[in-house]
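Colleague: This is the content of query08.txt (compact mmCIF, C-alpha atoms and all ligand atoms):
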# COMPACT_ATOMS: atom_id res chain seq x y z
CA MET A 89 16.81 16.22 10.56
CA THR A 90 16.35 18.31 13.72
CA ARG A 91 13.36 20.56 13.43
CA GLN A 92 14.31 24.24 13.41
CA ALA A 93 12.06 26.57 15.34
CA TRP A 94 12.22 30.26 16.21
CA LEU A 95 11.78 31.78 19.65
CA ASN A 96 12.06 35.47 20.47
CA GLY A 97 14.36 36.35 17.61
CA VAL A 98 16.53 33.22 17.71
CA PHE A 99 16.47 30.21 15.38
CA LEU A 100 17.12 27.02 17.34
CA ALA A 101 16.41 23.29 17.48
CA ALA A 102 12.72 22.96 18.42
CA ASP A 103 13.46 20.71 21.39
CA GLU A 104 15.80 23.36 22.81
CA ALA A 105 13.11 26.07 22.86
CA ARG A 106 12.23 27.08 26.44
CA ILE A 107 9.36 29.29 27.57
CA SER A 108 8.79 30.48 31.15
CA PRO A 109 5.97 28.80 33.11
CA PHE A 110 4.94 32.37 33.99
CA ASP A 111 4.20 33.06 30.34
CA ARG A 112 0.74 34.58 30.04
CA GLY A 113 0.03 32.30 27.09
CA PHE A 114 0.44 29.35 29.47
CA LEU A 115 -1.31 30.88 32.50
CA PHE A 116 -4.20 32.72 30.81
CA ALA A 117 -4.21 31.76 27.11
CA ASP A 118 -3.30 35.46 26.71
CA SER A 119 -1.93 34.81 23.26
CA VAL A 120 -2.91 34.53 19.63
CA TYR A 121 -1.71 32.35 16.80
CA GLU A 122 -1.67 31.90 13.06
CA VAL A 123 -1.30 28.81 10.91
CA THR A 124 -0.15 29.49 7.37
CA ALA A 125 -0.31 26.76 4.73
CA VAL A 126 2.73 25.95 2.60
CA TYR A 127 2.42 24.45 -0.85
CA GLY A 128 5.23 23.99 -3.35
CA GLY A 129 7.52 25.57 -0.76
CA GLN A 130 5.48 28.78 -0.92
CA LEU A 131 3.53 30.34 1.93
CA ILE A 132 -0.14 30.66 0.98
CA ASP A 133 -1.78 34.02 1.75
CA MET A 134 1.03 35.22 4.04
CA GLU A 135 -0.08 38.86 3.90
CA ARG A 136 -3.63 38.01 4.95
CA HIS A 137 -2.34 35.95 7.86
CA LEU A 138 -0.15 38.87 8.94
CA ASP A 139 -3.15 41.21 8.69
CA ARG A 140 -5.25 38.90 10.86
CA LEU A 141 -2.42 38.48 13.38
CA GLN A 142 -2.15 42.23 13.72
CA ARG A 143 -5.91 42.55 14.08
CA SER A 144 -6.11 39.85 16.78
CA LEU A 145 -3.33 41.51 18.78
CA THR A 146 -4.81 44.97 18.39
CA GLU A 147 -8.28 43.78 19.42
CA LEU A 148 -6.71 42.32 22.58
CA GLY A 149 -5.01 45.64 23.31
CA PHE A 150 -1.41 44.49 22.84
CA ALA A 151 0.61 47.68 23.24
CA LEU A 152 3.51 46.08 21.40
CA LEU A 153 3.27 44.31 18.04
CA PRO A 154 5.86 42.01 16.49
CA ASP A 155 7.67 43.38 13.47
CA ARG A 156 5.66 42.35 10.44
CA SER A 157 8.53 42.00 8.00
CA GLU A 158 10.56 40.02 10.53
CA ILE A 159 7.65 37.62 11.04
CA ALA A 160 7.34 37.15 7.27
CA ARG A 161 11.10 36.52 7.02
CA VAL A 162 10.94 33.99 9.86
CA HIS A 163 8.16 32.12 8.06
CA ARG A 164 10.18 31.94 4.85
CA ARG A 165 13.30 30.82 6.67
CA LEU A 166 11.46 28.08 8.62
CA VAL A 167 10.03 26.76 5.35
CA ALA A 168 13.49 26.72 3.78
CA ASP A 169 15.46 25.38 6.77
CA ASN A 170 12.96 22.62 7.44
CA ALA A 171 12.65 21.82 3.71
CA ILE A 172 8.85 22.12 3.80
CA GLY A 173 7.31 21.45 0.40
CA GLU A 174 3.78 20.98 1.71
CA GLY A 175 2.69 21.71 5.27
CA TYR A 176 2.31 24.72 7.48
CA VAL A 177 4.01 27.27 9.70
CA TYR A 178 2.61 27.86 13.19
CA LEU A 179 3.19 31.19 14.91
CA GLN A 180 2.16 32.13 18.44
CA VAL A 181 2.49 35.53 20.09
CA SER A 182 1.79 35.85 23.80
CA ARG A 183 1.70 38.88 26.05
CA GLY A 184 4.89 37.65 27.68
CA ALA A 185 6.18 36.31 31.00
CA TYR A 186 6.38 38.36 34.18
CA GLU A 187 6.98 37.38 37.79
CA GLY A 188 3.88 35.91 39.36
CA ARG A 189 0.35 35.81 38.07
CA ASN A 190 -1.60 39.02 37.72
CA PHE A 191 -4.73 39.23 35.62
CA PRO A 192 -4.06 42.75 34.32
CA ALA A 193 -1.05 42.71 32.03
CA PRO A 194 1.84 45.17 32.11
CA ASP A 195 1.58 47.56 29.23
CA GLY A 196 3.66 50.25 27.60
CA GLU A 197 7.36 50.06 28.42
CA GLY A 198 7.06 47.08 30.75
CA MET A 199 5.62 44.87 28.09
CA ARG A 200 7.55 42.23 26.21
CA LEU A 201 6.18 39.58 23.89
CA THR A 202 6.87 35.88 23.61
CA CYS A 203 6.98 34.91 19.93
CA PHE A 204 7.35 31.30 18.88
CA ALA A 205 7.17 29.67 15.46
CA PHE A 206 7.76 26.25 13.97
CA ALA A 207 7.08 24.51 10.67
CA GLU A 208 5.74 21.06 9.94
CA ALA A 209 5.58 19.01 6.76
CA LYS A 210 2.09 17.63 6.18
CA PRO A 211 0.11 16.64 3.08
CA LEU A 212 -2.63 19.17 2.36
CA ILE A 213 -3.89 18.15 -1.06
CA ASP A 214 -3.66 14.39 -1.44
CA THR A 215 -5.27 13.42 1.85
CA SER A 216 -8.01 10.95 2.59
CA GLY A 217 -10.25 13.81 3.76
CA ALA A 218 -9.79 15.81 0.57
CA ARG A 219 -10.28 12.73 -1.62
CA HIS A 220 -13.13 10.95 0.11
CA GLY A 221 -14.59 13.57 2.43
CA ILE A 222 -14.95 13.75 6.19
CA LYS A 223 -17.65 12.86 8.69
CA VAL A 224 -18.64 15.46 11.24
CA ILE A 225 -20.77 15.53 14.37
CA SER A 226 -22.60 18.58 15.68
CA VAL A 227 -21.92 19.87 19.19
CA PRO A 228 -23.11 22.95 21.06
CA ASP A 229 -20.86 25.96 20.51
CA ILE A 230 -19.65 26.72 24.04
CA ARG A 231 -16.87 29.17 23.09
CA TRP A 232 -16.43 32.76 24.23
CA GLY A 233 -17.96 35.75 22.46
CA ARG A 234 -14.93 36.94 20.45
CA ARG A 235 -14.25 34.09 18.07
CA ASP A 236 -13.07 36.60 15.48
CA ILE A 237 -9.86 36.85 17.54
CA LYS A 238 -7.56 33.90 16.84
CA SER A 239 -6.83 33.23 20.49
CA THR A 240 -5.06 30.15 21.81
CA GLY A 241 -7.95 29.59 24.23
CA LEU A 242 -8.91 26.44 22.36
CA LEU A 243 -10.41 24.21 25.03
CA ALA A 244 -13.86 24.11 23.39
CA PRO A 245 -12.50 22.92 20.02
CA VAL A 246 -10.23 20.43 21.82
CA LEU A 247 -13.30 18.93 23.54
CA ALA A 248 -15.34 19.03 20.33
CA LYS A 249 -12.68 17.26 18.27
CA THR A 250 -12.05 14.73 21.02
CA GLU A 251 -15.76 13.93 21.11
CA ALA A 252 -15.80 13.68 17.31
CA ARG A 253 -13.00 11.15 17.40
CA ALA A 254 -14.67 9.17 20.20
CA ARG A 255 -17.81 8.99 18.06
CA GLY A 256 -15.95 7.82 14.95
CA ALA A 257 -16.08 11.16 13.15
CA ASP A 258 -13.34 13.41 11.80
CA ASP A 259 -14.46 16.81 13.00
CA ALA A 260 -17.21 18.74 14.75
CA TRP A 261 -19.52 21.50 13.56
CA LEU A 262 -20.50 23.94 16.27
CA VAL A 263 -24.10 24.98 16.73
CA GLY A 264 -25.19 28.10 18.62
CA ALA A 265 -28.02 28.18 21.16
CA ASP A 266 -30.18 29.65 18.37
CA GLY A 267 -29.81 26.48 16.28
CA PHE A 268 -27.57 28.09 13.67
CA VAL A 269 -24.23 26.54 12.74
CA THR A 270 -21.41 28.92 13.55
CA GLU A 271 -18.42 27.10 12.05
CA ALA A 272 -16.38 23.92 12.42
CA ALA A 273 -14.11 23.37 15.43
CA SER A 274 -11.12 24.69 13.48
CA ALA A 275 -12.51 25.53 10.05
CA ASN A 276 -15.29 27.52 8.40
CA ALA A 277 -18.46 25.63 7.50
CA TRP A 278 -20.17 25.74 4.10
CA ILE A 279 -23.21 24.04 2.60
CA VAL A 280 -24.53 23.66 -0.93
CA THR A 281 -28.32 23.65 -0.94
CA ARG A 282 -30.37 21.40 -3.19
CA GLU A 283 -30.98 24.49 -5.35
CA GLY A 284 -27.21 24.82 -5.79
CA GLU A 285 -26.77 27.85 -3.53
CA ILE A 286 -23.31 27.95 -1.90
CA VAL A 287 -23.75 29.22 1.64
CA THR A 288 -21.40 30.21 4.43
CA ARG A 289 -22.02 32.26 7.53
CA ALA A 290 -21.41 36.02 7.35
CA LEU A 291 -18.44 37.43 9.27
CA SER A 292 -19.06 38.73 12.79
CA HIS A 293 -17.69 38.20 16.29
CA VAL A 294 -19.19 34.69 16.39
CA ILE A 295 -16.82 33.11 13.82
CA LEU A 296 -13.20 33.37 12.82
CA ALA A 297 -12.64 35.15 9.51
CA GLY A 298 -10.85 32.25 7.85
CA ILE A 299 -8.12 33.13 5.40
CA THR A 300 -9.00 30.08 3.30
CA ARG A 301 -12.64 31.26 3.34
CA HIS A 302 -11.52 34.68 2.14
CA SER A 303 -9.31 33.37 -0.67
CA LEU A 304 -11.87 30.81 -1.76
CA PHE A 305 -14.42 33.61 -1.85
CA ASP A 306 -12.20 35.61 -4.20
CA ALA A 307 -11.46 32.59 -6.39
CA LEU A 308 -15.13 31.61 -6.67
CA MET A 309 -16.14 35.17 -7.53
CA GLN A 310 -13.46 35.32 -10.19
CA ALA A 311 -14.74 32.07 -11.63
CA GLY A 312 -18.20 33.65 -11.88
CA GLY A 313 -19.63 31.81 -8.88
CA ARG A 314 -22.04 33.21 -6.32
CA ILE A 315 -21.92 32.80 -2.58
CA SER A 316 -24.65 33.57 -0.07
CA GLU A 317 -23.26 34.84 3.21
CA ARG A 318 -26.00 33.90 5.60
CA SER A 319 -26.66 31.78 8.66
CA PHE A 320 -27.98 28.24 8.24
CA THR A 321 -29.38 25.87 10.82
CA LEU A 322 -28.15 22.39 11.60
CA GLU A 323 -31.36 21.11 10.04
CA GLU A 324 -30.64 22.95 6.80
CA ALA A 325 -27.15 21.44 6.79
CA LEU A 326 -28.57 17.95 7.31
CA ASN A 327 -30.82 18.51 4.30
CA ALA A 328 -28.13 20.09 2.13
CA ALA A 329 -27.01 18.49 -1.11
CA GLU A 330 -23.36 18.95 -0.16
CA ALA A 331 -21.18 20.50 2.50
CA PHE A 332 -17.53 21.31 3.02
CA SER A 333 -15.23 23.09 5.40
CA THR A 334 -12.25 25.36 4.77
CA SER A 335 -9.04 25.87 6.73
CA ALA A 336 -5.34 26.39 6.17
CA THR A 337 -4.53 22.83 7.24
CA ALA A 338 -7.23 20.97 5.29
CA LEU A 339 -7.94 23.59 2.56
CA VAL A 340 -11.30 22.49 1.10
CA ALA A 341 -12.54 19.37 2.92
CA PRO A 342 -15.75 17.78 1.58
CA VAL A 343 -18.19 16.86 4.36
CA VAL A 344 -20.07 13.68 3.46
CA GLU A 345 -21.85 12.94 6.72
CA ILE A 346 -23.27 15.03 9.59
CA ASP A 347 -24.44 13.28 12.78
CA GLY A 348 -24.58 9.98 10.91
CA VAL A 349 -26.75 11.42 8.11
CA ARG A 350 -25.19 11.02 4.67
CA LEU A 351 -25.31 14.03 2.41
CA GLY A 352 -26.24 13.14 -1.16
CA ASP A 353 -24.83 9.72 -1.97
CA GLY A 354 -22.20 9.99 0.77
CA GLU A 355 -19.44 10.98 -1.68
CA PRO A 356 -18.02 14.46 -2.23
CA GLY A 357 -20.53 16.18 -4.53
CA PRO A 358 -19.92 17.88 -7.90
CA VAL A 359 -20.09 21.45 -6.59
CA THR A 360 -17.56 20.65 -3.84
CA ARG A 361 -15.27 19.03 -6.41
CA ARG A 362 -15.46 22.14 -8.55
CA VAL A 363 -14.80 24.33 -5.50
CA GLN A 364 -11.74 22.22 -4.66
CA ALA A 365 -10.47 22.50 -8.23
CA ILE A 366 -10.95 26.28 -8.26
CA TYR A 367 -9.20 26.69 -4.90
CA TYR A 368 -6.30 24.40 -5.82
CA ALA A 369 -5.80 26.29 -9.08
CA ALA A 370 -5.84 29.58 -7.16
CA ILE A 371 -3.00 28.50 -4.88
CA GLY A 372 -0.99 27.19 -7.81
CA VAL A 373 -1.32 23.46 -7.35
CA GLU A 374 0.79 22.06 -10.15
CA ALA A 375 -1.14 21.19 -13.28
CA GLY A 376 -4.22 22.89 -11.84
CA THR A 377 -5.84 19.91 -10.21
CA PRO A 378 -4.57 16.71 -8.63
CA GLY A 379 -5.04 13.59 -10.72
CA TRP A 380 -7.65 12.08 -8.43
CA LEU A 381 -9.75 15.21 -8.79
CA ALA A 382 -9.27 15.76 -12.52
CA ALA A 383 -10.10 12.13 -13.26
CA ARG A 384 -13.62 12.46 -11.93
N1 LIG A 401 -12.61 28.82 12.21
C1 LIG A 401 -11.90 28.44 13.29
C2 LIG A 401 -12.57 28.39 14.62
C3 LIG A 401 -10.55 28.08 13.16
O1 LIG A 401 -9.84 27.70 14.24
C4 LIG A 401 -9.96 28.11 11.87
C5 LIG A 401 -8.55 27.74 11.69
O2 LIG A 401 -7.87 27.39 12.60
C6 LIG A 401 -10.74 28.52 10.78
C7 LIG A 401 -12.07 28.87 10.99
C8 LIG A 401 -10.17 28.56 9.39
O3 LIG A 401 -9.29 29.63 9.26
P1 LIG A 401 -8.11 29.60 8.20
O4 LIG A 401 -8.75 29.37 6.87
O5 LIG A 401 -7.49 30.93 8.32
O6 LIG A 401 -7.21 28.47 8.60
Please express the file's structure as structure tokens.
Ligand code: PLP
Modeller:
Amino acid sequence: MTRQAWLNGVFLAADEARISPFDRGFLFADSVYEVTAVYGGQLIDMERHLDRLQRSLTELGFALLPDRSEIARVHRRLVADNAIGEGYVYLQVSRGAYEGRNFPAPDGEGMRLTCFAFAEAKPLIDTSGARHGIKVISVPDIRWGRRDIKSTGLLAPVLAKTEARARGADDAWLVGADGFVTEAASANAWIVTREGEIVTRALSHVILAGITRHSLFDALMQAGGRISERSFTLEEALNAAEAFSTSATALVAPVVEIDGVRLGDGEPGPVTRRVQAIYYAAIGVEAGTPGWLAAR
């Protein structure tokens, strides 16, 4: 089946989509994106993704915003047309293409956006990472100062993930110059201390406000859980009982090793398993929990 994409108001075969080389997303990474998970053919947390998209664009001073209800419709149609049961929809909005290359962007009337979206089928729940956990390495966080904006300037995470792969790990956790973990290369980072405290960094400009983080927060609170929003050092993470990361494309991923140090017995721990079960139930995973999780 040819993959259907959407570019500037038109649905088309993905390999027929054409974007100008003068596009500011290409020249300057002057663009933002969203990745929305799909499970059971349903978009997970669509409204929150639309809120964050709008916030990213507004923070970057986009004078023009895409139509919110059209973007939501496009997401639903891409899920349907591409028959996505489980996977994600990617959306990118750039400040557009103009002749030449000028750092300041046209604004007001002269502005036009480039909007592109596609969908991809991908297992989110029954993955090796979710079942058995992932190994991460730590790397210095060399990103810019506005990580709360979901910009496509992703060179630092590209390098971090490439290094992780070269070192036989699955992902990287980013550590600030102050020794505190900011987040994972494309996920939020969480630890469970030996006292059972569930910890994740507080929101600020130094991390992305993950939608999965937000929804997990709500689900854990509803289940009577408690979360400490505070910074933790790499050393505290290495000494934690358990750890996990959250993102739209891996949901809740147990972290079983950091820099070659096994956490606990090197298997996803009981708190992380419970967190997975609570999150999966919250997004309507059939029968509450997958068999491999329930059987434990
Ligand atoms: N932090 C960073 C740096 C990310 O790139 C992402 C997702 O891409 C996240 C956190 C997790 O955000 P979400 O749960 O909205 O996918």
Colleague: Neighbours of ligand LIG 401 (chain A) at 9 Å or closer, counting all atoms listed in the file: which residues, as an NGL selection string?
Modeller: :A and (121-125 or 136-137 or 140 or 235-236 or 238-239 or 242 or 245 or 270-277 or 295-303 or 333-339)
Colleague: Could you check which of A:Arg361, A:Leu166, A:Asp229, A:Pro109 is closest to Trp380 (chain A), using only C-alpha atoms?
Modeller: A:Arg361
Colleague: Please provide as a count of residues only all residues within 9 Å of Arg156 (chain A), with the sequence filter that same-chain residues fewer than 4 positions apart are discarded (counting all atoms listed in the file).
Modeller: 4
Colleague: Give as a ChimeraX atom specification every residue, naming chains and numbers as the document does, that has an atom within 6 Å of (3.8, 27.1, 13.1), counting all atoms listed in the file.
Modeller: /A:123,177-179,205-207
Colleague: At a cut-off of 10 Å from (12.7, 26.8, 11.8) in the coordinates of the file, what residues are picked up using all atoms listed in the file, written as a list in words?
Modeller: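 The residues that fall inside the cut-off are Thr90, Arg91, Gln92, Ala93, Trp94, Leu95, Val98, Phe99, Leu100, Ala101, Ala102, Val162, His163, Arg164, Arg165, Leu166, Val167, Ala168, Asp169, Asn170, Ala171, Val177, Phe204, Ala205, Phe206, Ala207 and Glu208 of chain A.
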Colleague: Between A:Tyr127, A:Phe305, A:Trp232, A:Phe332, which is the closest to Gly175 (chain A) once you count all atoms listed in the file?
Modeller: A:Tyr127
Colleague: For Asp266 (chain A), which residue out of A:Pro228, A:Gly173, A:Gly284, A:Gly198 is the nearest one, using only C-alpha atoms?
Modeller: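 So, comparing all the options, the nearest one is A:Pro228.
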Colleague: From the set A:Leu291, A:Ala369, A:Ala218, A:Leu145, which residue has the shortest atom-to-atom contact distance to Gly357 (chain A), counting all atoms listed in the file?
Modeller: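 Comparing A:Leu291, A:Ala369, A:Ala218, A:Leu145 against Gly357 (chain A), the winner is A:Ala218.
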Colleague: Taking every listed atom of region 260-268 of chain A and adding 8 Å to each side, what centre and edge lengths in Å (one decimal) does the axis-aligned box have, as AutoDock Vina command-line options?
Modeller:
--center_x -23.7 --center_y 24.2 --center_z 17.4 --size_x 29.0 --size_y 26.9 --size_z 23.6
Colleague: Considering only C-alpha atoms, state which residue in the set A:Leu148, A:Tyr368, A:Pro356, A:Gly267 is at the smallest distance from Glu324 (chain A).
Modeller: A:Gly267
Colleague: For CA of Arg183 (chain A) and CA of Asp139 (chain A), determine how far apart the two atoms are, in Å to one decimal place.
Modeller: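 Between CA of Arg183 (chain A) and CA of Asp139 (chain A) the gap is 18.2 Å.
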Colleague: Which of these, A:Gly348, A:Gly241, A:Pro154, A:Gly313, has the shortest distance to Arg255 (chain A) once you count only C-alpha atoms?
Modeller: A:Gly348
Colleague: Report, in Å to a single decimal, how far apart CA of Ala185 (chain A) and CA of Ser108 (chain A) are.
Modeller: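 A separation of 6.4 Å between them.
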Colleague: For CA of Lys210 (chain A) and CA of Ala365 (chain A), determine how far apart the two atoms are, in Å to one decimal place.
Modeller: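 Separating CA of Lys210 (chain A) from CA of Ala365 (chain A) is a distance of 19.7 Å.
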Colleague: Residues within 9 Å of Val227 (chain A), please, as a count of residues only. Count all atoms listed in the file; anything in the same chain fewer than 2 positions from it doesn't count.
Modeller: 11
Colleague: Ser119 (chain A): which residues within 6 Å, counting only C-alpha atoms, same-chain residues fewer than 5 positions away excluded, as a ChimeraX atom specification?
Modeller: /A:113,181-182,239-240
Colleague: Need the shell around Gly184 (chain A): protein/DNA/RNA residues with any atom at most 7 Å away, counting all atoms listed in the file. Skip same-chain ones fewer than 3 positions apart. Format as an MDAnalysis selection string?
Modeller: chainID A and resid 111:112 200:202
Colleague: Using the partial input, fill out region 187-221 of chain A with N, CA and C atoms; write the result as a PDB file, in the coordinates of the input.
Modeller:
ATOM      1  N   GLU A 187       6.975  38.096  36.514  1.00  0.00           N
ATOM      2  CA  GLU A 187       6.980  37.380  37.790  1.00  0.00           C
ATOM      3  C   GLU A 187       5.546  37.250  38.289  1.00  0.00           C
ATOM      4  N   GLY A 188       5.189  36.085  38.731  1.00  0.00           N
ATOM      5  CA  GLY A 188       3.880  35.910  39.360  1.00  0.00           C
ATOM      6  C   GLY A 188       2.750  35.818  38.357  1.00  0.00           C
ATOM      7  N   ARG A 189       1.558  36.024  38.871  1.00  0.00           N
ATOM      8  CA  ARG A 189       0.350  35.810  38.070  1.00  0.00           C
ATOM      9  C   ARG A 189      -0.659  36.911  38.382  1.00  0.00           C
ATOM     10  N   ASN A 190      -0.658  37.915  37.550  1.00  0.00           N
ATOM     11  CA  ASN A 190      -1.600  39.020  37.720  1.00  0.00           C
ATOM     12  C   ASN A 190      -2.511  39.090  36.512  1.00  0.00           C
ATOM     13  N   PHE A 191      -3.812  39.181  36.758  1.00  0.00           N
ATOM     14  CA  PHE A 191      -4.730  39.230  35.620  1.00  0.00           C
ATOM     15  C   PHE A 191      -4.451  40.425  34.708  1.00  0.00           C
ATOM     16  N   PRO A 192      -4.380  41.645  35.233  1.00  0.00           N
ATOM     17  CA  PRO A 192      -4.060  42.750  34.320  1.00  0.00           C
ATOM     18  C   PRO A 192      -2.608  42.614  33.855  1.00  0.00           C
ATOM     19  N   ALA A 193      -2.394  42.882  32.586  1.00  0.00           N
ATOM     20  CA  ALA A 193      -1.050  42.710  32.030  1.00  0.00           C
ATOM     21  C   ALA A 193      -0.283  44.027  32.110  1.00  0.00           C
ATOM     22  N   PRO A 194       1.051  43.940  32.244  1.00  0.00           N
ATOM     23  CA  PRO A 194       1.840  45.170  32.110  1.00  0.00           C
ATOM     24  C   PRO A 194       1.634  45.736  30.711  1.00  0.00           C
ATOM     25  N   ASP A 195       1.668  47.024  30.584  1.00  0.00           N
ATOM     26  CA  ASP A 195       1.580  47.560  29.230  1.00  0.00           C
ATOM     27  C   ASP A 195       2.678  48.589  29.035  1.00  0.00           C
ATOM     28  N   GLY A 196       2.655  49.236  27.898  1.00  0.00           N
ATOM     29  CA  GLY A 196       3.660  50.250  27.600  1.00  0.00           C
ATOM     30  C   GLY A 196       5.060  49.673  27.692  1.00  0.00           C
ATOM     31  N   GLU A 197       5.927  50.405  28.388  1.00  0.00           N
ATOM     32  CA  GLU A 197       7.360  50.060  28.420  1.00  0.00           C
ATOM     33  C   GLU A 197       7.633  48.707  29.046  1.00  0.00           C
ATOM     34  N   GLY A 198       6.801  48.326  30.027  1.00  0.00           N
ATOM     35  CA  GLY A 198       7.060  47.080  30.750  1.00  0.00           C
ATOM     36  C   GLY A 198       6.694  45.846  29.965  1.00  0.00           C
ATOM     37  N   MET A 199       6.129  46.021  28.813  1.00  0.00           N
ATOM     38  CA  MET A 199       5.620  44.870  28.090  1.00  0.00           C
ATOM     39  C   MET A 199       6.671  44.233  27.197  1.00  0.00           C
ATOM     40  N   ARG A 200       6.714  42.911  27.189  1.00  0.00           N
ATOM     41  CA  ARG A 200       7.550  42.230  26.210  1.00  0.00           C
ATOM     42  C   ARG A 200       6.767  41.010  25.739  1.00  0.00           C
ATOM     43  N   LEU A 201       6.963  40.666  24.477  1.00  0.00           N
ATOM     44  CA  LEU A 201       6.180  39.580  23.890  1.00  0.00           C
ATOM     45  C   LEU A 201       6.958  38.274  23.957  1.00  0.00           C
ATOM     46  N   THR A 202       6.233  37.164  23.924  1.00  0.00           N
ATOM     47  CA  THR A 202       6.870  35.880  23.610  1.00  0.00           C
ATOM     48  C   THR A 202       6.391  35.496  22.213  1.00  0.00           C
ATOM     49  N   CYS A 203       7.331  35.289  21.304  1.00  0.00           N
ATOM     50  CA  CYS A 203       6.980  34.910  19.930  1.00  0.00           C
ATOM     51  C   CYS A 203       7.637  33.587  19.605  1.00  0.00           C
ATOM     52  N   PHE A 204       6.840  32.646  19.165  1.00  0.00           N
ATOM     53  CA  PHE A 204       7.350  31.300  18.880  1.00  0.00           C
ATOM     54  C   PHE A 204       6.798  30.838  17.541  1.00  0.00           C
ATOM     55  N   ALA A 205       7.643  30.202  16.744  1.00  0.00           N
ATOM     56  CA  ALA A 205       7.170  29.670  15.460  1.00  0.00           C
ATOM     57  C   ALA A 205       7.873  28.364  15.130  1.00  0.00           C
ATOM     58  N   PHE A 206       7.148  27.474  14.493  1.00  0.00           N
ATOM     59  CA  PHE A 206       7.760  26.250  13.970  1.00  0.00           C
ATOM     60  C   PHE A 206       7.045  25.859  12.681  1.00  0.00           C
ATOM     61  N   ALA A 207       7.668  24.958  11.942  1.00  0.00           N
ATOM     62  CA  ALA A 207       7.080  24.510  10.670  1.00  0.00           C
ATOM     63  C   ALA A 207       6.931  22.996  10.706  1.00  0.00           C
ATOM     64  N   GLU A 208       5.947  22.517   9.987  1.00  0.00           N
ATOM     65  CA  GLU A 208       5.740  21.060   9.940  1.00  0.00           C
ATOM     66  C   GLU A 208       5.349  20.640   8.529  1.00  0.00           C
ATOM     67  N   ALA A 209       5.965  19.578   8.050  1.00  0.00           N
ATOM     68  CA  ALA A 209       5.580  19.010   6.760  1.00  0.00           C
ATOM     69  C   ALA A 209       4.314  18.180   6.953  1.00  0.00           C
ATOM     70  N   LYS A 210       3.366  18.333   6.034  1.00  0.00           N
ATOM     71  CA  LYS A 210       2.090  17.630   6.180  1.00  0.00           C
ATOM     72  C   LYS A 210       1.386  17.678   4.826  1.00  0.00           C
ATOM     73  N   PRO A 211       0.852  16.560   4.352  1.00  0.00           N
ATOM     74  CA  PRO A 211       0.110  16.640   3.080  1.00  0.00           C
ATOM     75  C   PRO A 211      -1.159  17.478   3.260  1.00  0.00           C
ATOM     76  N   LEU A 212      -1.431  18.344   2.300  1.00  0.00           N
ATOM     77  CA  LEU A 212      -2.630  19.170   2.360  1.00  0.00           C
ATOM     78  C   LEU A 212      -3.611  18.800   1.243  1.00  0.00           C
ATOM     79  N   ILE A 213      -3.051  18.349   0.127  1.00  0.00           N
ATOM     80  CA  ILE A 213      -3.890  18.150  -1.060  1.00  0.00           C
ATOM     81  C   ILE A 213      -4.310  16.677  -1.200  1.00  0.00           C
ATOM     82  N   ASP A 214      -3.322  15.804  -1.216  1.00  0.00           N
ATOM     83  CA  ASP A 214      -3.660  14.390  -1.440  1.00  0.00           C
ATOM     84  C   ASP A 214      -3.848  13.702  -0.091  1.00  0.00           C
ATOM     85  N   THR A 215      -4.968  14.015   0.548  1.00  0.00           N
ATOM     86  CA  THR A 215      -5.270  13.420   1.850  1.00  0.00           C
ATOM     87  C   THR A 215      -6.569  12.627   1.702  1.00  0.00           C
ATOM     88  N   SER A 216      -6.779  11.732   2.633  1.00  0.00           N
ATOM     89  CA  SER A 216      -8.010  10.950   2.590  1.00  0.00           C
ATOM     90  C   SER A 216      -9.238  11.874   2.705  1.00  0.00           C
ATOM     91  N   GLY A 217      -9.136  12.886   3.577  1.00  0.00           N
ATOM     92  CA  GLY A 217     -10.250  13.810   3.760  1.00  0.00           C
ATOM     93  C   GLY A 217     -10.586  14.559   2.476  1.00  0.00           C
ATOM     94  N   ALA A 218      -9.556  15.060   1.797  1.00  0.00           N
ATOM     95  CA  ALA A 218      -9.790  15.810   0.570  1.00  0.00           C
ATOM     96  C   ALA A 218     -10.334  14.899  -0.537  1.00  0.00           C
ATOM     97  N   ARG A 219      -9.846  13.673  -0.575  1.00  0.00           N
ATOM     98  CA  ARG A 219     -10.280  12.730  -1.620  1.00  0.00           C
ATOM     99  C   ARG A 219     -11.691  12.189  -1.371  1.00  0.00           C
ATOM    100  N   HIS A 220     -11.896  11.706  -0.146  1.00  0.00           N
ATOM    101  CA  HIS A 220     -13.130  10.950   0.110  1.00  0.00           C
ATOM    102  C   HIS A 220     -14.133  11.701   0.969  1.00  0.00           C
ATOM    103  N   GLY A 221     -13.698  12.799   1.571  1.00  0.00           N
ATOM    104  CA  GLY A 221     -14.590  13.570   2.430  1.00  0.00           C
ATOM    105  C   GLY A 221     -14.443  13.177   3.884  1.00  0.00           C
TER     106      GLY A 221
END
